[in-house]
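Next comes upload21.cif, a file with mmCIF, C-alpha atoms.
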```cif
data_start
loop_
_atom_site.group_PDB
_atom_site.id
_atom_site.type_symbol
_atom_site.label_atom_id
_atom_site.label_comp_id
_atom_site.auth_asym_id
_atom_site.auth_seq_id
_atom_site.Cartn_x
_atom_site.Cartn_y
_atom_site.Cartn_z
ATOM 1 C CA GLY A 1 70.463 217.851 247.836
ATOM 2 C CA THR A 2 70.162 214.384 249.255
ATOM 3 C CA LEU A 3 73.420 212.886 248.014
ATOM 4 C CA ALA A 4 75.384 215.928 249.193
ATOM 5 C CA GLU A 5 73.934 215.469 252.685
ATOM 6 C CA HIS A 6 74.937 211.814 252.960
ATOM 7 C CA ALA A 7 78.117 211.748 250.875
ATOM 8 C CA PRO A 8 79.665 215.226 250.824
ATOM 9 C CA GLU A 9 82.947 213.729 249.580
ATOM 10 C CA LEU A 10 81.332 213.036 246.183
ATOM 11 C CA ARG A 11 81.595 215.710 243.505
ATOM 12 C CA LEU A 12 78.617 215.632 241.149
ATOM 13 C CA SER A 13 78.430 216.794 237.556
ATOM 14 C CA GLY A 14 76.131 216.484 234.567
ATOM 15 C CA ALA A 15 72.784 216.786 236.374
ATOM 16 C CA ALA A 16 71.483 219.406 233.942
ATOM 17 C CA ALA A 17 72.280 217.205 230.942
ATOM 18 C CA GLY A 18 69.619 214.545 231.289
ATOM 19 C CA LEU A 19 68.729 211.501 233.318
ATOM 20 C CA HIS A 20 72.077 210.607 234.875
ATOM 21 C CA VAL A 21 74.676 212.276 237.043
ATOM 22 C CA ILE A 22 78.365 211.482 237.400
ATOM 23 C CA ALA A 23 79.484 211.044 240.994
ATOM 24 C CA TRP A 24 83.248 211.626 241.085
ATOM 25 C CA LEU A 25 84.699 209.506 243.883
ATOM 26 C CA PRO A 26 87.179 210.836 246.423
ATOM 27 C CA GLY A 27 90.852 210.188 245.700
ATOM 28 C CA GLY A 28 91.917 206.624 246.368
ATOM 29 C CA CYS A 29 88.373 205.251 246.274
ATOM 30 C CA ASP A 30 88.175 202.113 244.137
ATOM 31 C CA GLU A 31 85.471 202.539 241.495
ATOM 32 C CA HIS A 32 84.879 198.817 240.978
ATOM 33 C CA GLY A 33 84.844 198.044 244.707
ATOM 34 C CA ALA A 34 82.439 200.896 245.444
ATOM 35 C CA ALA A 35 80.099 199.716 242.676
ATOM 36 C CA LEU A 36 80.179 196.141 243.990
ATOM 37 C CA ARG A 37 79.448 197.260 247.568
ATOM 38 C CA ALA A 38 76.622 199.504 246.345
ATOM 39 C CA GLY A 39 75.124 196.571 244.430
ATOM 40 C CA GLU A 40 75.354 194.349 247.515
ATOM 41 C CA LEU A 41 73.394 197.021 249.404
ATOM 42 C CA GLY A 42 70.745 197.129 246.666
ATOM 43 C CA VAL A 43 71.846 200.293 244.858
ATOM 44 C CA GLY A 44 72.413 199.908 241.122
ATOM 45 C CA VAL A 45 75.200 202.095 239.757
ATOM 46 C CA HIS A 46 77.447 201.972 236.692
ATOM 47 C CA GLU A 47 81.210 202.329 236.776
ATOM 48 C CA LEU A 48 82.451 205.160 234.573
ATOM 49 C CA HIS A 49 85.480 203.194 233.369
ATOM 50 C CA ARG A 50 83.928 199.701 233.241
ATOM 51 C CA ASN A 51 83.660 199.495 229.455
ATOM 52 C CA CYS A 52 86.539 201.763 228.467
ATOM 53 C CA MET A 53 88.687 200.319 225.716
ATOM 54 C CA ALA A 54 91.607 202.668 226.425
ATOM 55 C CA GLU A 55 93.371 203.877 229.521
ATOM 56 C CA SER A 56 91.936 207.036 231.024
ATOM 57 C CA ASP A 57 93.413 209.465 233.494
ATOM 58 C CA TRP A 58 89.946 210.606 234.561
ATOM 59 C CA PRO A 59 89.344 210.007 238.275
ATOM 60 C CA SER A 60 87.144 207.172 239.487
ATOM 61 C CA ALA A 61 83.430 207.853 239.201
ATOM 62 C CA LEU A 62 80.033 206.206 239.242
ATOM 63 C CA LEU A 63 77.166 206.917 236.878
ATOM 64 C CA LEU A 64 73.871 207.323 238.751
ATOM 65 C CA GLY A 65 70.466 207.313 237.089
ATOM 66 C CA TYR A 66 67.774 209.485 238.611
ATOM 67 C CA ALA A 67 64.870 209.209 236.153
ATOM 68 C CA LEU A 68 63.005 206.226 237.620
ATOM 69 C CA PRO A 69 63.485 206.250 241.409
ATOM 70 C CA THR A 70 61.019 208.056 243.644
ATOM 71 C CA GLU A 71 62.245 210.749 246.041
ATOM 72 C CA SER A 72 62.182 208.294 248.955
ATOM 73 C CA GLU A 73 64.135 205.723 246.910
ATOM 74 C CA ILE A 74 66.692 208.383 246.008
ATOM 75 C CA ALA A 75 67.087 209.314 249.694
ATOM 76 C CA ALA A 76 67.521 205.655 250.704
ATOM 77 C CA GLY A 77 69.929 205.087 247.815
ATOM 78 C CA ALA A 78 72.001 208.125 248.814
ATOM 79 C CA ARG A 79 72.402 206.785 252.352
ATOM 80 C CA LEU A 80 73.415 203.343 251.066
ATOM 81 C CA LEU A 81 75.765 204.768 248.443
ATOM 82 C CA ALA A 82 77.492 206.845 251.118
ATOM 83 C CA GLN A 83 77.965 203.623 253.092
ATOM 84 C CA ALA A 84 79.332 201.835 250.020
ATOM 85 C CA ILE A 85 81.977 204.451 249.264
ATOM 86 C CA THR A 86 83.189 204.725 252.860
ATOM 87 C CA SER A 87 83.400 200.957 253.479
ATOM 88 C CA PRO A 88 86.759 199.300 252.900
#
```
Translate this structure into structure tokens?
Amino acid sequence: GTLAEHAPELRLSGAAAGLHVIAWLPGGCDEHGAALRAGELGVGVHELHRNCMAESDWPSALLLGYALPTESEIAAGARLLAQAITSP
């Protein structure tokens, strides 16, 4: 729904599994940079590869929690996250 409207370039997976979703970033998008920009805009996300001990060939992705935010917070967060991933 909301994230797809604001950031159609993200590919989501894992929503049916629990309280988080993986947002696969578009090719060339820097995971760490996107997470930093999101944090600066007030959106807390986790980097998929941040705590990996080994190299991974999985594409860049962010882990998004959706258990606590309200619907209006999710909508605002989706708009800000879209801004974070499209900013250089």
For region 13-38 of chain A versus region 63-76 of chain A, which residues have an atom no more than 9 Å away, and what is each residue's nearest atom pair and distance in Å rounded to one decimal, using all atoms listed in the file, chain-then-number order, as CSV?
```
residue,atom,partner,partner_atom,distance
A:Gly18,CA,A:Ala67,CA,8.6
A:Leu19,CA,A:Ala67,CA,5.3
A:His20,CA,A:Gly65,CA,4.3
A:Val21,CA,A:Leu64,CA,5.3
A:Ile22,CA,A:Leu63,CA,4.7
A:Ala23,CA,A:Leu63,CA,6.3
A:Trp24,CA,A:Leu63,CA,8.8
```
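Around the coordinate (70.3, 201.5, 255.3), residues that reach within 12 Å when counting only C-alpha atoms are His6, Ala38, Glu40, Leu41, Gly42, Val43, Glu73, Ala75, Ala76, Gly77, Ala78, Arg79, Leu80, Leu81, Ala82, Gln83 and Ala84 of chain A.
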Completion exercise
From CA of Ser87 (chain A) to CA of Met53 (chain A) the spacing works out at 28.3 Å
Handout entry: Selection under test: the PyMOL selection byres ((chain A and resi 50) around 12); residues as a PyMOL selection string
Key = chain A and resi 30-33+35-36+45-49+51-56+60-63
Return as AutoDock Vina command-line options the centre and edge lengths, in Å with one decimal, of the box along x, y and z that encloses every atom of region 60-64 of chain A in the file, padded by 8 Å per side.
```
--center_x 80.5 --center_y 207.0 --center_z 238.2 --size_x 29.3 --size_y 17.6 --size_z 18.6
```
Handout entry: Atom pair CA of Gly28 (chain A) / CA of Thr86 (chain A): separation (Å)
Key = 11.0 Å
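Atom to atom, CA of Gly44 (chain A) and CA of Gly27 (chain A) stand 21.6 Å apart.
With distances taken over all atoms listed in the file, A:Ile85 is the one residue among A:Ala4, A:Ala16, A:Leu10, A:Ile85 lying closest to Cys29 (chain A).
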